[in-house]
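To be precise, the following lines are start.txt, and they hold compact mmCIF, N, CA and C atoms.
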```
# COMPACT_ATOMS: atom_id res chain seq x y z
N MET X 638 62.43 121.81 119.71
CA MET X 638 61.21 121.03 119.65
C MET X 638 61.41 119.73 120.43
N LYS X 639 60.38 119.33 121.16
CA LYS X 639 60.40 118.07 121.90
C LYS X 639 59.49 117.06 121.22
N SER X 640 59.74 115.80 121.54
CA SER X 640 58.82 114.76 121.09
C SER X 640 58.61 113.78 122.23
N TYR X 641 57.47 113.11 122.18
CA TYR X 641 57.07 112.17 123.22
C TYR X 641 56.34 111.02 122.55
N ARG X 642 56.62 109.80 123.01
CA ARG X 642 56.01 108.61 122.42
C ARG X 642 55.43 107.74 123.54
N LYS X 643 54.23 107.23 123.31
CA LYS X 643 53.60 106.33 124.26
C LYS X 643 52.73 105.35 123.48
N GLU X 644 52.67 104.11 123.95
CA GLU X 644 51.81 103.11 123.34
C GLU X 644 50.64 102.79 124.26
N LEU X 645 49.49 102.55 123.66
CA LEU X 645 48.31 102.06 124.36
C LEU X 645 48.11 100.62 123.94
N PHE X 646 47.75 99.76 124.89
CA PHE X 646 47.58 98.35 124.59
C PHE X 646 46.13 97.94 124.81
N PHE X 647 45.65 97.06 123.94
CA PHE X 647 44.26 96.62 123.96
C PHE X 647 44.19 95.11 123.83
N HIS X 648 43.19 94.54 124.45
CA HIS X 648 42.83 93.14 124.23
C HIS X 648 41.31 93.06 124.43
N LEU X 649 40.58 93.39 123.37
CA LEU X 649 39.12 93.38 123.46
C LEU X 649 38.61 91.94 123.46
N PRO X 650 37.63 91.62 124.29
CA PRO X 650 37.14 90.25 124.39
C PRO X 650 36.19 89.87 123.25
N THR X 651 35.85 90.82 122.40
CA THR X 651 34.93 90.58 121.29
C THR X 651 35.64 90.85 119.97
N ARG X 652 35.06 90.38 118.88
CA ARG X 652 35.66 90.62 117.57
C ARG X 652 35.71 92.10 117.25
N ARG X 653 34.63 92.82 117.54
CA ARG X 653 34.60 94.25 117.26
C ARG X 653 34.29 95.00 118.55
N GLY X 654 34.86 96.18 118.66
CA GLY X 654 34.58 97.00 119.83
C GLY X 654 35.15 98.39 119.67
N LEU X 655 34.53 99.31 120.36
CA LEU X 655 34.88 100.73 120.27
C LEU X 655 35.31 101.21 121.66
N VAL X 656 36.45 101.89 121.72
CA VAL X 656 36.98 102.39 122.99
C VAL X 656 37.28 103.88 122.86
N ASN X 657 36.73 104.69 123.76
CA ASN X 657 37.07 106.10 123.80
C ASN X 657 38.43 106.21 124.47
N ILE X 658 39.45 106.64 123.73
CA ILE X 658 40.81 106.73 124.26
C ILE X 658 41.21 108.17 124.54
N THR X 659 40.26 109.10 124.49
CA THR X 659 40.57 110.50 124.76
C THR X 659 41.27 110.69 126.10
N PRO X 660 40.79 110.08 127.20
CA PRO X 660 41.49 110.28 128.48
C PRO X 660 42.95 109.82 128.46
N GLN X 661 43.24 108.72 127.78
CA GLN X 661 44.62 108.23 127.70
C GLN X 661 45.49 109.17 126.88
N VAL X 662 44.92 109.76 125.82
CA VAL X 662 45.68 110.71 125.00
C VAL X 662 45.93 111.99 125.80
N GLU X 663 44.93 112.45 126.54
CA GLU X 663 45.10 113.63 127.39
C GLU X 663 46.17 113.39 128.45
N GLU X 664 46.19 112.20 129.02
CA GLU X 664 47.21 111.85 130.02
C GLU X 664 48.60 111.86 129.39
N ALA X 665 48.74 111.30 128.20
CA ALA X 665 50.02 111.31 127.50
C ALA X 665 50.47 112.75 127.22
N LEU X 666 49.54 113.60 126.87
CA LEU X 666 49.87 115.00 126.62
C LEU X 666 50.40 115.66 127.90
N ARG X 667 49.74 115.40 129.03
CA ARG X 667 50.23 115.93 130.32
C ARG X 667 51.64 115.41 130.62
N GLU X 668 51.84 114.12 130.41
CA GLU X 668 53.15 113.52 130.65
C GLU X 668 54.25 114.14 129.78
N SER X 669 53.88 114.52 128.57
CA SER X 669 54.87 115.05 127.62
C SER X 669 55.37 116.43 128.01
N GLY X 670 54.53 117.20 128.68
CA GLY X 670 54.89 118.58 129.00
C GLY X 670 54.80 119.54 127.83
N ILE X 671 54.35 119.05 126.70
CA ILE X 671 54.25 119.89 125.50
C ILE X 671 53.00 120.75 125.59
N ARG X 672 53.16 122.04 125.32
CA ARG X 672 52.06 123.00 125.44
C ARG X 672 51.51 123.43 124.09
N GLU X 673 52.35 123.41 123.05
CA GLU X 673 51.96 123.82 121.70
C GLU X 673 52.54 122.83 120.71
N GLY X 674 51.69 122.25 119.87
CA GLY X 674 52.21 121.29 118.91
C GLY X 674 51.11 120.44 118.31
N LEU X 675 51.45 119.18 118.07
CA LEU X 675 50.53 118.24 117.43
C LEU X 675 50.60 116.88 118.12
N VAL X 676 49.46 116.22 118.17
CA VAL X 676 49.37 114.84 118.65
C VAL X 676 48.93 113.96 117.49
N LEU X 677 49.67 112.91 117.24
CA LEU X 677 49.30 111.88 116.27
C LEU X 677 48.92 110.65 117.07
N VAL X 678 47.78 110.05 116.74
CA VAL X 678 47.38 108.79 117.34
C VAL X 678 47.04 107.85 116.20
N ASN X 679 47.73 106.71 116.15
CA ASN X 679 47.43 105.77 115.07
C ASN X 679 47.39 104.33 115.55
N ALA X 680 46.51 103.57 114.91
CA ALA X 680 46.41 102.14 115.17
C ALA X 680 47.64 101.47 114.60
N MET X 681 48.23 100.57 115.37
CA MET X 681 49.44 99.88 114.94
C MET X 681 49.14 98.47 114.42
N ASN X 682 47.88 98.21 114.18
CA ASN X 682 47.46 96.92 113.61
C ASN X 682 46.54 97.20 112.43
N ILE X 683 46.67 96.43 111.39
CA ILE X 683 45.98 96.67 110.12
C ILE X 683 44.48 96.38 110.17
N THR X 684 44.00 95.85 111.29
CA THR X 684 42.57 95.54 111.41
C THR X 684 41.91 96.36 112.51
N ALA X 685 42.46 97.55 112.79
CA ALA X 685 41.88 98.47 113.77
C ALA X 685 42.01 99.89 113.24
N SER X 686 41.22 100.78 113.81
CA SER X 686 41.16 102.16 113.34
C SER X 686 41.22 103.12 114.53
N VAL X 687 41.73 104.31 114.28
CA VAL X 687 41.63 105.42 115.21
C VAL X 687 40.95 106.55 114.46
N PHE X 688 39.92 107.14 115.07
CA PHE X 688 39.18 108.21 114.40
C PHE X 688 38.61 109.16 115.44
N ILE X 689 38.10 110.29 114.98
CA ILE X 689 37.48 111.30 115.84
C ILE X 689 36.01 111.41 115.50
N ASN X 690 35.18 111.39 116.55
CA ASN X 690 33.75 111.63 116.35
C ASN X 690 33.11 111.86 117.71
N ASP X 691 31.80 111.84 117.76
CA ASP X 691 31.00 112.08 118.95
C ASP X 691 30.90 110.80 119.79
N ASP X 692 30.95 110.94 121.10
CA ASP X 692 30.81 109.79 121.99
C ASP X 692 29.34 109.59 122.34
N GLU X 693 28.60 109.06 121.38
CA GLU X 693 27.15 108.89 121.52
C GLU X 693 26.81 107.46 121.15
N PRO X 694 26.23 106.69 122.06
CA PRO X 694 25.99 105.25 121.83
C PRO X 694 25.19 104.94 120.57
N GLY X 695 24.19 105.74 120.24
CA GLY X 695 23.42 105.48 119.03
C GLY X 695 24.28 105.60 117.79
N LEU X 696 25.16 106.58 117.77
CA LEU X 696 26.08 106.75 116.66
C LEU X 696 27.04 105.56 116.56
N HIS X 697 27.49 105.08 117.70
CA HIS X 697 28.39 103.91 117.69
C HIS X 697 27.68 102.70 117.09
N GLN X 698 26.42 102.51 117.41
CA GLN X 698 25.64 101.42 116.81
C GLN X 698 25.46 101.65 115.32
N ASP X 699 25.29 102.91 114.92
CA ASP X 699 25.17 103.22 113.49
C ASP X 699 26.44 102.89 112.73
N PHE X 700 27.62 103.18 113.33
CA PHE X 700 28.88 102.81 112.70
C PHE X 700 28.93 101.31 112.47
N GLU X 701 28.59 100.54 113.50
CA GLU X 701 28.64 99.08 113.40
C GLU X 701 27.72 98.58 112.29
N LYS X 702 26.49 99.06 112.26
CA LYS X 702 25.53 98.62 111.25
C LYS X 702 25.98 99.02 109.85
N TRP X 703 26.44 100.26 109.69
CA TRP X 703 26.88 100.78 108.40
C TRP X 703 28.09 99.99 107.88
N LEU X 704 29.07 99.77 108.75
CA LEU X 704 30.27 99.04 108.33
C LEU X 704 29.96 97.59 108.00
N GLU X 705 29.07 96.98 108.76
CA GLU X 705 28.69 95.59 108.49
C GLU X 705 27.96 95.49 107.16
N GLY X 706 27.22 96.54 106.79
CA GLY X 706 26.57 96.57 105.48
C GLY X 706 27.57 96.70 104.34
N LEU X 707 28.64 97.48 104.57
CA LEU X 707 29.67 97.66 103.55
C LEU X 707 30.56 96.43 103.38
N ALA X 708 30.93 95.83 104.51
CA ALA X 708 31.85 94.69 104.48
C ALA X 708 31.40 93.67 105.54
N PRO X 709 30.39 92.89 105.23
CA PRO X 709 29.89 91.92 106.22
C PRO X 709 30.94 90.88 106.58
N GLU X 710 30.96 90.52 107.85
CA GLU X 710 31.93 89.52 108.32
C GLU X 710 31.73 88.18 107.63
N LYS X 711 30.47 87.76 107.49
CA LYS X 711 30.15 86.44 106.93
C LYS X 711 29.28 86.58 105.70
N PRO X 712 29.33 85.65 104.77
CA PRO X 712 30.12 84.42 104.83
C PRO X 712 31.60 84.70 104.55
N TYR X 713 32.45 84.02 105.27
CA TYR X 713 33.89 84.20 105.11
C TYR X 713 34.35 83.90 103.69
N SER X 714 33.65 83.00 103.02
CA SER X 714 34.04 82.56 101.68
C SER X 714 33.90 83.66 100.62
N GLN X 715 33.24 84.77 100.95
CA GLN X 715 33.07 85.84 99.96
C GLN X 715 34.36 86.62 99.70
N TYR X 716 35.37 86.42 100.52
CA TYR X 716 36.61 87.20 100.40
C TYR X 716 37.78 86.34 99.98
N ARG X 717 38.55 86.83 99.02
CA ARG X 717 39.73 86.11 98.56
C ARG X 717 40.84 86.09 99.61
N HIS X 718 40.88 87.11 100.46
CA HIS X 718 41.92 87.20 101.51
C HIS X 718 41.78 86.07 102.53
N ASN X 719 40.55 85.69 102.82
CA ASN X 719 40.32 84.70 103.87
C ASN X 719 40.88 83.34 103.47
N GLY X 720 41.57 82.75 104.38
CA GLY X 720 42.19 81.45 104.19
C GLY X 720 42.80 81.08 105.52
N TYR X 721 43.99 81.60 105.76
CA TYR X 721 44.63 81.37 107.06
C TYR X 721 43.84 82.06 108.17
N GLU X 722 43.37 83.27 107.91
CA GLU X 722 42.54 84.00 108.85
C GLU X 722 41.21 84.33 108.20
N ASP X 723 40.23 84.69 109.01
CA ASP X 723 38.91 85.03 108.48
C ASP X 723 38.60 86.50 108.75
N ASN X 724 39.56 87.39 108.44
CA ASN X 724 39.41 88.78 108.83
C ASN X 724 39.44 89.78 107.68
N ALA X 725 39.12 89.36 106.48
CA ALA X 725 39.12 90.29 105.35
C ALA X 725 38.20 91.48 105.60
N ASP X 726 37.05 91.22 106.21
CA ASP X 726 36.12 92.31 106.49
C ASP X 726 36.75 93.35 107.41
N ALA X 727 37.58 92.91 108.35
CA ALA X 727 38.24 93.83 109.28
C ALA X 727 39.21 94.76 108.55
N HIS X 728 39.93 94.22 107.57
CA HIS X 728 40.83 95.05 106.77
C HIS X 728 40.05 96.12 106.00
N LEU X 729 38.93 95.73 105.43
CA LEU X 729 38.11 96.66 104.67
C LEU X 729 37.50 97.74 105.57
N LYS X 730 37.02 97.35 106.74
CA LYS X 730 36.43 98.31 107.68
C LYS X 730 37.47 99.32 108.14
N ARG X 731 38.67 98.85 108.40
CA ARG X 731 39.74 99.76 108.80
C ARG X 731 40.05 100.78 107.70
N THR X 732 40.03 100.33 106.45
CA THR X 732 40.29 101.25 105.34
C THR X 732 39.27 102.37 105.30
N VAL X 733 38.02 102.04 105.55
CA VAL X 733 36.96 103.05 105.55
C VAL X 733 37.09 104.01 106.73
N MET X 734 37.38 103.50 107.91
CA MET X 734 37.41 104.32 109.13
C MET X 734 38.73 105.05 109.33
N GLY X 735 39.78 104.62 108.66
CA GLY X 735 41.05 105.33 108.74
C GLY X 735 42.02 104.77 109.75
N ARG X 736 43.26 105.18 109.59
CA ARG X 736 44.36 104.67 110.40
C ARG X 736 44.69 105.55 111.58
N GLU X 737 44.62 106.90 111.40
CA GLU X 737 45.11 107.79 112.43
C GLU X 737 44.36 109.11 112.48
N VAL X 738 44.66 109.85 113.55
CA VAL X 738 44.16 111.21 113.70
C VAL X 738 45.32 112.10 114.11
N VAL X 739 45.20 113.38 113.77
CA VAL X 739 46.14 114.40 114.23
C VAL X 739 45.30 115.50 114.88
N VAL X 740 45.71 115.89 116.09
CA VAL X 740 44.98 116.92 116.83
C VAL X 740 45.97 118.00 117.24
N ALA X 741 45.59 119.26 117.06
CA ALA X 741 46.42 120.37 117.50
C ALA X 741 46.46 120.41 119.03
N VAL X 742 47.59 120.85 119.54
CA VAL X 742 47.75 121.08 120.98
C VAL X 742 47.90 122.59 121.17
N THR X 743 47.04 123.16 121.98
CA THR X 743 47.06 124.59 122.26
C THR X 743 46.95 124.78 123.77
N GLY X 744 47.90 125.46 124.34
CA GLY X 744 47.87 125.70 125.78
C GLY X 744 47.91 124.43 126.60
N GLY X 745 48.56 123.38 126.08
CA GLY X 745 48.67 122.12 126.81
C GLY X 745 47.43 121.25 126.76
N ARG X 746 46.49 121.59 125.89
CA ARG X 746 45.23 120.83 125.79
C ARG X 746 44.98 120.42 124.35
N LEU X 747 44.24 119.32 124.17
CA LEU X 747 43.80 118.94 122.83
C LEU X 747 42.84 119.99 122.33
N ASP X 748 43.08 120.51 121.15
CA ASP X 748 42.29 121.61 120.59
C ASP X 748 41.16 121.03 119.74
N PHE X 749 40.13 120.52 120.43
CA PHE X 749 39.00 119.85 119.80
C PHE X 749 37.90 120.83 119.41
N GLY X 750 37.08 120.41 118.44
CA GLY X 750 35.81 121.04 118.17
C GLY X 750 34.76 120.47 119.12
N THR X 751 33.59 121.03 119.07
CA THR X 751 32.51 120.60 119.95
C THR X 751 32.25 119.10 119.79
N TRP X 752 32.19 118.39 120.90
CA TRP X 752 31.85 116.97 121.01
C TRP X 752 32.93 116.03 120.51
N GLU X 753 34.03 116.53 119.98
CA GLU X 753 35.03 115.63 119.42
C GLU X 753 35.74 114.81 120.51
N GLN X 754 35.90 113.52 120.22
CA GLN X 754 36.60 112.57 121.07
C GLN X 754 37.40 111.63 120.15
N ILE X 755 38.43 111.01 120.70
CA ILE X 755 39.26 110.08 119.93
C ILE X 755 38.87 108.65 120.30
N PHE X 756 38.69 107.82 119.27
CA PHE X 756 38.26 106.44 119.47
C PHE X 756 39.22 105.45 118.82
N TYR X 757 39.36 104.32 119.47
CA TYR X 757 40.01 103.14 118.91
C TYR X 757 38.89 102.18 118.55
N PHE X 758 38.86 101.73 117.30
CA PHE X 758 37.80 100.82 116.84
C PHE X 758 38.47 99.52 116.39
N GLU X 759 38.17 98.47 117.09
CA GLU X 759 38.74 97.15 116.81
C GLU X 759 37.79 96.37 115.92
N PHE X 760 38.33 95.78 114.85
CA PHE X 760 37.51 95.00 113.91
C PHE X 760 37.85 93.52 113.90
N ASP X 761 38.93 93.13 114.59
CA ASP X 761 39.35 91.72 114.65
C ASP X 761 40.01 91.48 116.00
N GLY X 762 39.21 91.56 117.05
CA GLY X 762 39.71 91.51 118.42
C GLY X 762 40.04 90.11 118.91
N LYS X 763 40.00 89.99 120.23
CA LYS X 763 40.31 88.75 120.93
C LYS X 763 41.80 88.42 120.88
N ARG X 764 42.62 89.44 120.66
CA ARG X 764 44.07 89.27 120.70
C ARG X 764 44.72 90.62 121.02
N ASP X 765 45.99 90.57 121.36
CA ASP X 765 46.69 91.79 121.75
C ASP X 765 46.87 92.73 120.57
N LYS X 766 46.56 94.00 120.80
CA LYS X 766 46.72 95.05 119.79
C LYS X 766 47.27 96.29 120.48
N HIS X 767 47.70 97.28 119.68
CA HIS X 767 48.15 98.52 120.28
C HIS X 767 47.99 99.71 119.34
N ALA X 768 48.08 100.88 119.94
CA ALA X 768 48.03 102.14 119.21
C ALA X 768 49.20 102.99 119.69
N LEU X 769 49.65 103.88 118.83
CA LEU X 769 50.77 104.76 119.11
C LEU X 769 50.28 106.19 119.31
N ILE X 770 50.80 106.84 120.33
CA ILE X 770 50.61 108.27 120.52
C ILE X 770 51.97 108.92 120.32
N LYS X 771 52.07 109.87 119.41
CA LYS X 771 53.31 110.62 119.18
C LYS X 771 52.97 112.10 119.28
N ILE X 772 53.67 112.79 120.15
CA ILE X 772 53.40 114.20 120.39
C ILE X 772 54.68 114.98 120.07
N ILE X 773 54.54 116.03 119.26
CA ILE X 773 55.68 116.89 118.95
C ILE X 773 55.28 118.34 119.21
N GLY X 774 56.25 119.12 119.64
CA GLY X 774 55.97 120.54 119.88
C GLY X 774 56.91 121.09 120.93
N GLU X 775 56.44 122.17 121.53
CA GLU X 775 57.24 122.88 122.53
C GLU X 775 56.48 123.00 123.84
```
Output the file's structure in the form of structure tokens.
Amino acid sequence: MKSYRKELFFHLPTRRGLVNITPQVEEALRESGIREGLVLVNAMNITASVFINDDEPGLHQDFEKWLEGLAPEKPYSQYRHNGYEDNADAHLKRTVMGREVVVAVTGGRLDFGTWEQIFYFEFDGKRDKHALIKIIGE
């Protein structure tokens, strides 16, 4: 069995933002040479998420509205965590959206269902962040 590791780096100019990272994951898979196995992609920061869904702008706006309803950014004073930083809402949003995804690799390709894409969702941007791609298989 082989393994391959690659990091993706982000610096979003806004507090929140969504990035389709499917092309970068596909490139890492090509680089790995692995034809059968699994790909793990996870956010390496506690205020960001990696998840799978449809790449449709209306849906992306729905995620933003829904998450802001669950854990509004302001007022900052509503959260006990806020003090040194004002990012309690980002921690909560990440918990809802999840930390990582695992995708099967079949024939050297990501074995997706219809419309599935991998996204990095930043909830506390304007600073350096990263995600990990780990691929295992043969």
With 8 Å of padding per side, what axis-aligned box (centre and edge lengths, Å, one decimal) covers all the listed atoms of stretch 649-662 of chain X? Give it as lines of an AutoDock Vina configuration file.
```
center_x = 40.1
center_y = 100.9
center_z = 122.9
size_x = 27.6
size_y = 38.1
size_z = 27.2
```
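Between atom CA of X:Phe647 and atom CA of X:Gly744 there is a distance of 29.4 Å.
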Mind running stretch 700-772 of chain X against stretch 675-690 of chain X at 6 Å and telling me each contacting residue's nearest atom pair with the distance in Å (one decimal), counting all atoms listed in the file, chain and number ascending, as JSON lines?
```
{"residue": "X:Ala727", "atom": "C", "partner": "X:Thr684", "partner_atom": "CA", "distance": 4.5}
{"residue": "X:His728", "atom": "N", "partner": "X:Thr684", "partner_atom": "CA", "distance": 4.8}
{"residue": "X:Arg731", "atom": "CA", "partner": "X:Ala685", "partner_atom": "C", "distance": 5.0}
{"residue": "X:Met734", "atom": "C", "partner": "X:Ser686", "partner_atom": "CA", "distance": 5.5}
{"residue": "X:Gly735", "atom": "C", "partner": "X:Ser686", "partner_atom": "CA", "distance": 4.5}
{"residue": "X:Arg736", "atom": "C", "partner": "X:Val687", "partner_atom": "N", "distance": 4.2}
{"residue": "X:Glu737", "atom": "CA", "partner": "X:Asn679", "partner_atom": "CA", "distance": 4.1}
{"residue": "X:Val738", "atom": "N", "partner": "X:Val678", "partner_atom": "C", "distance": 4.1}
{"residue": "X:Val739", "atom": "CA", "partner": "X:Val676", "partner_atom": "C", "distance": 4.3}
{"residue": "X:Val740", "atom": "N", "partner": "X:Val676", "partner_atom": "C", "distance": 4.0}
{"residue": "X:Ala741", "atom": "CA", "partner": "X:Leu675", "partner_atom": "CA", "distance": 4.6}
{"residue": "X:Val742", "atom": "N", "partner": "X:Leu675", "partner_atom": "N", "distance": 4.5}
{"residue": "X:Trp752", "atom": "C", "partner": "X:Asn690", "partner_atom": "C", "distance": 5.0}
{"residue": "X:Glu753", "atom": "CA", "partner": "X:Asn690", "partner_atom": "C", "distance": 4.6}
{"residue": "X:Gln754", "atom": "N", "partner": "X:Asn690", "partner_atom": "C", "distance": 4.1}
{"residue": "X:Ile755", "atom": "CA", "partner": "X:Ile689", "partner_atom": "CA", "distance": 4.6}
{"residue": "X:Phe756", "atom": "N", "partner": "X:Phe688", "partner_atom": "C", "distance": 4.1}
{"residue": "X:Tyr757", "atom": "CA", "partner": "X:Ser686", "partner_atom": "C", "distance": 4.5}
{"residue": "X:Phe758", "atom": "N", "partner": "X:Ser686", "partner_atom": "C", "distance": 3.9}
{"residue": "X:Glu759", "atom": "CA", "partner": "X:Ala685", "partner_atom": "CA", "distance": 4.6}
{"residue": "X:Phe760", "atom": "N", "partner": "X:Thr684", "partner_atom": "C", "distance": 4.3}
{"residue": "X:Asp761", "atom": "N", "partner": "X:Thr684", "partner_atom": "C", "distance": 4.9}
{"residue": "X:His767", "atom": "C", "partner": "X:Met681", "partner_atom": "N", "distance": 4.1}
{"residue": "X:Ala768", "atom": "CA", "partner": "X:Met681", "partner_atom": "N", "distance": 4.2}
{"residue": "X:Leu769", "atom": "N", "partner": "X:Asn679", "partner_atom": "C", "distance": 4.0}
{"residue": "X:Ile770", "atom": "CA", "partner": "X:Leu677", "partner_atom": "C", "distance": 4.5}
{"residue": "X:Lys771", "atom": "C", "partner": "X:Leu677", "partner_atom": "N", "distance": 4.0}
{"residue": "X:Ile772", "atom": "CA", "partner": "X:Val676", "partner_atom": "CA", "distance": 4.4}
```
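Among the candidates X:Ile773, X:Leu666, X:Thr743, X:Gly762, the one nearest to X:Pro650 when counting all atoms listed in the file is X:Gly762.
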Worksheet item: How far is it from atom CA of X:Ser640 to atom CA of X:Gly670, in Å with one decimal?
Response: 9.6 Å
Practice prompt. Would you mind listing what lies within 12 Å of stretch 695-698 of chain X as a PyMOL selection string, with only C-alpha atoms counted and same-chain residues fewer than 3 positions away left out?
Written response: chain X and resi 653-657+689-692+701-705+756-758
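Distances from X:Ala708, X:Thr651, X:Arg642, X:Leu747 to X:Glu663 were compared using only C-alpha atoms, and the smallest one belongs to X:Leu747.
In this comparison, which uses all atoms listed in the file, the residue of X:Arg746, X:Arg764, X:Leu729, X:His718 approaching X:Ile671 most closely is X:Arg746.
Taking atom CA of X:Arg672 and atom CA of X:Glu775 as endpoints, the distance between them is 5.9 Å.
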Item to complete: Pick out each residue of stretch 716-766 of chain X that DSSP on the backbone tags as strand (DSSP E); I need them as number ranges by chain.
Response: X: 737-743, 746-747, 753-759, 766
Discussion item. Applying 8 Å and only N, CA and C atoms, which residues near X:Asp765 remain after dropping the ones on its own chain fewer than 4 positions away? List them as a PyMOL selection string.
Written reply: chain X and resi 646-649
Can you write out the residues you just picked, keeping N, CA and C atoms, as a JSON list (two decimals), keeping the file's coordinate frame?
```
[["chain", "number", "residue", "atom", "x", "y", "z"],
["X", 646, "PHE", "N", 47.75, 99.76, 124.89],
["X", 646, "PHE", "CA", 47.58, 98.35, 124.59],
["X", 646, "PHE", "C", 46.13, 97.94, 124.81],
["X", 647, "PHE", "N", 45.65, 97.06, 123.94],
["X", 647, "PHE", "CA", 44.26, 96.62, 123.96],
["X", 647, "PHE", "C", 44.19, 95.11, 123.83],
["X", 648, "HIS", "N", 43.19, 94.54, 124.45],
["X", 648, "HIS", "CA", 42.83, 93.14, 124.23],
["X", 648, "HIS", "C", 41.31, 93.06, 124.43],
["X", 649, "LEU", "N", 40.58, 93.39, 123.37],
["X", 649, "LEU", "CA", 39.12, 93.38, 123.46],
["X", 649, "LEU", "C", 38.61, 91.94, 123.46]]
```
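Using only N, CA and C atoms, the shortest contact distance between X:Arg652 and any of X:Lys639, X:Asp723, X:Gly774, X:Lys763 is found at X:Lys763.
You can rank X:Gln715, X:Thr751, X:Gly745, X:Glu644 by their closest distance to X:Glu673 using only N, CA and C atoms, and at the top of that list sits X:Gly745.
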